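Peer 1: Could you have a look at this structure, given as structure tokens, before my questions?
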Amino acid sequence: MNRLYRVDDMERKLRIASFRPLDVLVVGGTGTGKSSTINALFEKEVAKTGRGCDPETMNVSSMELNKLMRFWDNPGLGDNVASDKRYSRDLVDLLRKAYVLDDNRYGWIDTVLVILDGSGRDMGTTYRLLNEVIAPNFQTDRVLVAVNQADVAMKGRHWDEKRNCPDSVLIEFLEEKVESVCGRLKEATGVNVSKPVFYSAERGYNVEKLLDLITDNMPRKRRKLVE
């Protein structure tokens, strides 16, 4: 069960960092599968997902995977200009949300997880999100990136339905894609990220690798607010 996956590692790292739980904000464009990702991590529906052209998530909400890790869901960007402005303000408010300990102010959110759509190439929304919302208000060395919808990359042609995993052709494509993502993000935003993982929330494929990405990159101390 994902809620018990690597809990000893999480416990040890958070003990060193002297805080708990780890608060992870999940962001991305509309349709990238943020809510589906959270549901896959929890192995049940805890975040409402949109069907058709209408996104379901309209407000920021949080849910605990266990006592060590909490996820924050929010509306995706890319619907329309008015909505994007409103959602961007909400994101900035959350990124700057603070608590006080020993007369020091720390940020509530510890890690930002950016979800990309593995079936598409347009990263304009992600660039705007990083450049205009995240980077000015959050330490970019705490930003992680993951590529969802691996099952429909290459139009789904190389997904092995029986084994519920990509075949060798699709794996090679996805490996090249995550390498490309790192380079394109660096060039467009100046943000260096750890190598992204690819997964399919809908299929439950490689979800543990997503947890590995988050656990392996847990911060070692509380986050001071960006002034």
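Naming works like this for the structure tokens: A, B, ... for the chains as they're shown, residue 1 at the start of each chain, ligands 1 onward in shown order.
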What are the nearest atom pairs, with distances in Å to one decimal, for all residues of region 132-217 of chain A that come at most 6 Å from region 97-114 of chain A, using only C-alpha atoms, set out by chain and rising residue number as a Markdown table?
Peer 2:
```
| residue | atom | partner | partner_atom | distance |
| --- | --- | --- | --- | --- |
| A:Arg142 | CA | A:Thr111 | CA | 5.2 |
| A:Val143 | CA | A:Val112 | CA | 4.9 |
| A:Leu144 | CA | A:Leu113 | CA | 4.8 |
| A:Val145 | CA | A:Val114 | CA | 4.7 |
```
Peer 1: Determine, for each residue of region 148-197 of chain A having at least one atom at most 12 Å from an atom of region 24-47 of chain A, the closest pair of atoms and their separation in Å to one decimal, counting only C-alpha atoms; order by chain and ascending number, as JSON lines.
Peer 2:
```
{"residue": "A:Asn148", "atom": "CA", "partner": "A:Thr32", "partner_atom": "CA", "distance": 6.8}
{"residue": "A:Gln149", "atom": "CA", "partner": "A:Thr32", "partner_atom": "CA", "distance": 7.7}
{"residue": "A:Ala150", "atom": "CA", "partner": "A:Thr32", "partner_atom": "CA", "distance": 11.1}
{"residue": "A:Val152", "atom": "CA", "partner": "A:Thr32", "partner_atom": "CA", "distance": 11.9}
```
Peer 1: Using only C-alpha atoms, which residues sit within 8 Å of Thr125 (chain A) once same-chain residues fewer than 2 positions away are excluded, as a ChimeraX atom specification?
Peer 2: /A:28-29,77-78,122-123,127-129
Peer 1: Taking C-alpha atoms for each residue, export the selection above as a PDB file, in the first residue's frame.
Peer 2:
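Generated file (part26.pdb):
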```pdb
ATOM      1  CA  GLY A  28       0.229  21.738 -13.755  1.00  0.00           C
ATOM      2  CA  GLY A  29      -1.917  22.643 -16.712  1.00  0.00           C
ATOM      3  CA  LEU A  77      -3.870  26.629 -15.535  1.00  0.00           C
ATOM      4  CA  GLY A  78      -4.629  26.998 -19.218  1.00  0.00           C
ATOM      5  CA  ASP A 122       3.312  22.126 -25.626  1.00  0.00           C
ATOM      6  CA  MET A 123       4.987  23.288 -22.420  1.00  0.00           C
ATOM      7  CA  TYR A 127       6.888  27.747 -18.525  1.00  0.00           C
ATOM      8  CA  ARG A 128       4.455  30.467 -17.431  1.00  0.00           C
ATOM      9  CA  LEU A 129       3.700  28.625 -14.216  1.00  0.00           C
TER      10      LEU A 129
END
```
Peer 1: Once DSSP has gone over the backbone, tell me which residues of region 66-199 of chain A are in strand (DSSP E or B), as a count of residues only.
Peer 2: 34
Peer 1: As JSON, numbers by chain, please: every residue in region 34-180 of chain A that DSSP puts in helix (DSSP H, G or I).
Peer 2: {"A": [34, 35, 36, 37, 38, 39, 40, 41, 42, 81, 82, 83, 84, 85, 86, 87, 88, 89, 90, 91, 92, 93, 94, 95, 124, 125, 126, 127, 128, 129, 130, 131, 132, 133, 134, 140, 141, 142, 150, 151, 152, 153, 154, 155, 156, 168, 169, 170, 171, 172, 173, 174, 175, 176, 177, 178, 179, 180]}
Peer 1: Quick one: of A:Val226, A:Ala201, A:Val169, A:Met10, who's nearest to Asn137 (chain A), counting only C-alpha atoms?
Peer 2: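 Of A:Val226, A:Ala201, A:Val169, A:Met10, the one nearest Asn137 (chain A) is A:Val226, counting only C-alpha atoms.
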Peer 1: At a cut-off of 12 Å, using only C-alpha atoms, what residues contact Arg20 (chain A)? Leave out same-chain residues fewer than 5 positions from it and give the result as a list in words.
Peer 2: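 My reading of the contact set: Met10, Glu11, Arg12, Lys13, Leu14, Arg15, Glu64, Asn66, Lys67, Leu68, Met69, Arg70, Trp108, Ile109, Asp110, Met218, Pro219, Arg220, Lys221 and Arg222 of chain A.
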Peer 1: Excluding Ala153 (chain A) and residues on its chain fewer than 3 positions from it, collect all residues at most 12 Å away from it, counting only C-alpha atoms, and give them as a list in words.
Peer 2: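 So the residues in contact are Leu116, Asp117, Gly118, Ser119, Gly120, Arg121, Val147, Asn148, Gln149, Ala150, Gly156, Arg157, His158, Trp159, Cys165, Pro166, Asp167, Val169, Leu170, Ile171, Glu172, Phe173, Leu174, Glu175, Lys177, Phe198, Tyr199 and Ser200 of chain A.
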Peer 1: Those same residues, written as a tab-separated table (two decimals), in the first residue's frame with C-alpha atoms?
Peer 2:
```tsv
chain	number	residue	atom	x	y	z
A	116	LEU	CA	3.30	17.33	-17.38
A	117	ASP	CA	1.21	15.58	-20.01
A	118	GLY	CA	3.22	12.76	-21.61
A	119	SER	CA	1.05	12.80	-24.72
A	120	GLY	CA	1.72	16.43	-25.64
A	121	ARG	CA	4.62	18.68	-26.57
A	147	VAL	CA	5.41	13.12	-16.73
A	148	ASN	CA	1.92	11.62	-16.52
A	149	GLN	CA	-0.17	9.79	-19.14
A	150	ALA	CA	2.67	7.56	-20.30
A	156	GLY	CA	-0.96	4.77	-27.15
A	157	ARG	CA	0.44	2.61	-29.93
A	158	HIS	CA	3.20	0.99	-27.86
A	159	TRP	CA	1.35	0.38	-24.61
A	165	CYS	CA	3.30	-1.18	-19.17
A	166	PRO	CA	5.08	0.43	-22.12
A	167	ASP	CA	6.94	-1.74	-24.59
A	169	VAL	CA	9.85	1.40	-28.11
A	170	LEU	CA	7.67	3.50	-25.82
A	171	ILE	CA	10.13	3.26	-22.93
A	172	GLU	CA	12.87	4.63	-25.18
A	173	PHE	CA	10.54	7.45	-26.28
A	174	LEU	CA	9.64	8.30	-22.67
A	175	GLU	CA	13.27	8.24	-21.54
A	177	LYS	CA	11.16	12.83	-23.37
A	198	PHE	CA	7.18	8.97	-16.24
A	199	TYR	CA	4.04	7.19	-15.08
A	200	SER	CA	0.36	6.67	-15.75
```
Peer 1: Kindly indicate which residue among A:Val191, A:Val207, A:Met63, A:Leu185 lies nearest to Gly124 (chain A), using only C-alpha atoms for the distances.
Peer 2: A:Leu185
Peer 1: Of the candidates A:Lys209, A:Arg89, A:Arg163, A:Arg3, which one gets nearest to Asp151 (chain A) if we count only C-alpha atoms?
Peer 2: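 That would be A:Arg163, the residue with the smallest distance to Asp151 (chain A).
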Peer 1: Would you work out the distance separating CA of Leu65 (chain A) from CA of Asn2 (chain A), expressed in Å to one decimal?
Peer 2: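 Result for CA of Leu65 (chain A) versus CA of Asn2 (chain A): 8.0 Å, one decimal.
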Peer 1: Hey, what's within 9 Å of Leu91 (chain A) if we count only C-alpha atoms and toss same-chain stuff fewer than 2 positions away? As a PDB file with N, CA and C atoms, in the first residue's frame, please?
Peer 2:
```pdb
ATOM      1  N   VAL A  27       0.933  20.820  -9.025  1.00  0.00           N
ATOM      2  CA  VAL A  27       0.497  21.849  -9.974  1.00  0.00           C
ATOM      3  C   VAL A  27       0.692  21.354 -11.406  1.00  0.00           C
ATOM      4  N   VAL A  60      -8.415  25.056  -3.887  1.00  0.00           N
ATOM      5  CA  VAL A  60      -7.281  24.352  -3.299  1.00  0.00           C
ATOM      6  C   VAL A  60      -7.784  23.463  -2.161  1.00  0.00           C
ATOM      7  N   ASN A  74      -5.126  21.590  -6.681  1.00  0.00           N
ATOM      8  CA  ASN A  74      -5.583  22.929  -7.047  1.00  0.00           C
ATOM      9  C   ASN A  74      -6.009  22.936  -8.501  1.00  0.00           C
ATOM     10  N   ARG A  86      -6.914  34.246 -11.559  1.00  0.00           N
ATOM     11  CA  ARG A  86      -7.460  33.931 -10.244  1.00  0.00           C
ATOM     12  C   ARG A  86      -6.717  32.753  -9.608  1.00  0.00           C
ATOM     13  N   TYR A  87      -6.506  31.694 -10.391  1.00  0.00           N
ATOM     14  CA  TYR A  87      -5.817  30.518  -9.867  1.00  0.00           C
ATOM     15  C   TYR A  87      -4.366  30.840  -9.530  1.00  0.00           C
ATOM     16  N   SER A  88      -3.735  31.707 -10.330  1.00  0.00           N
ATOM     17  CA  SER A  88      -2.348  32.087 -10.056  1.00  0.00           C
ATOM     18  C   SER A  88      -2.247  32.829  -8.731  1.00  0.00           C
ATOM     19  N   ARG A  89      -3.217  33.708  -8.471  1.00  0.00           N
ATOM     20  CA  ARG A  89      -3.225  34.425  -7.185  1.00  0.00           C
ATOM     21  C   ARG A  89      -3.382  33.445  -6.030  1.00  0.00           C
ATOM     22  N   ASP A  93      -0.688  32.797  -3.010  1.00  0.00           N
ATOM     23  CA  ASP A  93      -1.088  32.866  -1.599  1.00  0.00           C
ATOM     24  C   ASP A  93      -0.666  31.603  -0.852  1.00  0.00           C
ATOM     25  N   LEU A  94      -0.845  30.438  -1.491  1.00  0.00           N
ATOM     26  CA  LEU A  94      -0.485  29.180  -0.832  1.00  0.00           C
ATOM     27  C   LEU A  94       1.033  29.046  -0.717  1.00  0.00           C
ATOM     28  N   LEU A  95       1.755  29.425  -1.763  1.00  0.00           N
ATOM     29  CA  LEU A  95       3.215  29.346  -1.718  1.00  0.00           C
ATOM     30  C   LEU A  95       3.790  30.271  -0.651  1.00  0.00           C
ATOM     31  N   ARG A  96       3.070  31.344  -0.340  1.00  0.00           N
ATOM     32  CA  ARG A  96       3.552  32.299   0.660  1.00  0.00           C
ATOM     33  C   ARG A  96       2.873  32.106   2.026  1.00  0.00           C
ATOM     34  N   VAL A 133       4.771  32.313 -11.502  1.00  0.00           N
ATOM     35  CA  VAL A 133       4.128  31.987 -10.228  1.00  0.00           C
ATOM     36  C   VAL A 133       5.094  31.343  -9.238  1.00  0.00           C
ATOM     37  N   ILE A 134       5.772  30.290  -9.653  1.00  0.00           N
ATOM     38  CA  ILE A 134       6.579  29.515  -8.706  1.00  0.00           C
ATOM     39  C   ILE A 134       7.911  30.190  -8.388  1.00  0.00           C
TER      40      ILE A 134
END
```
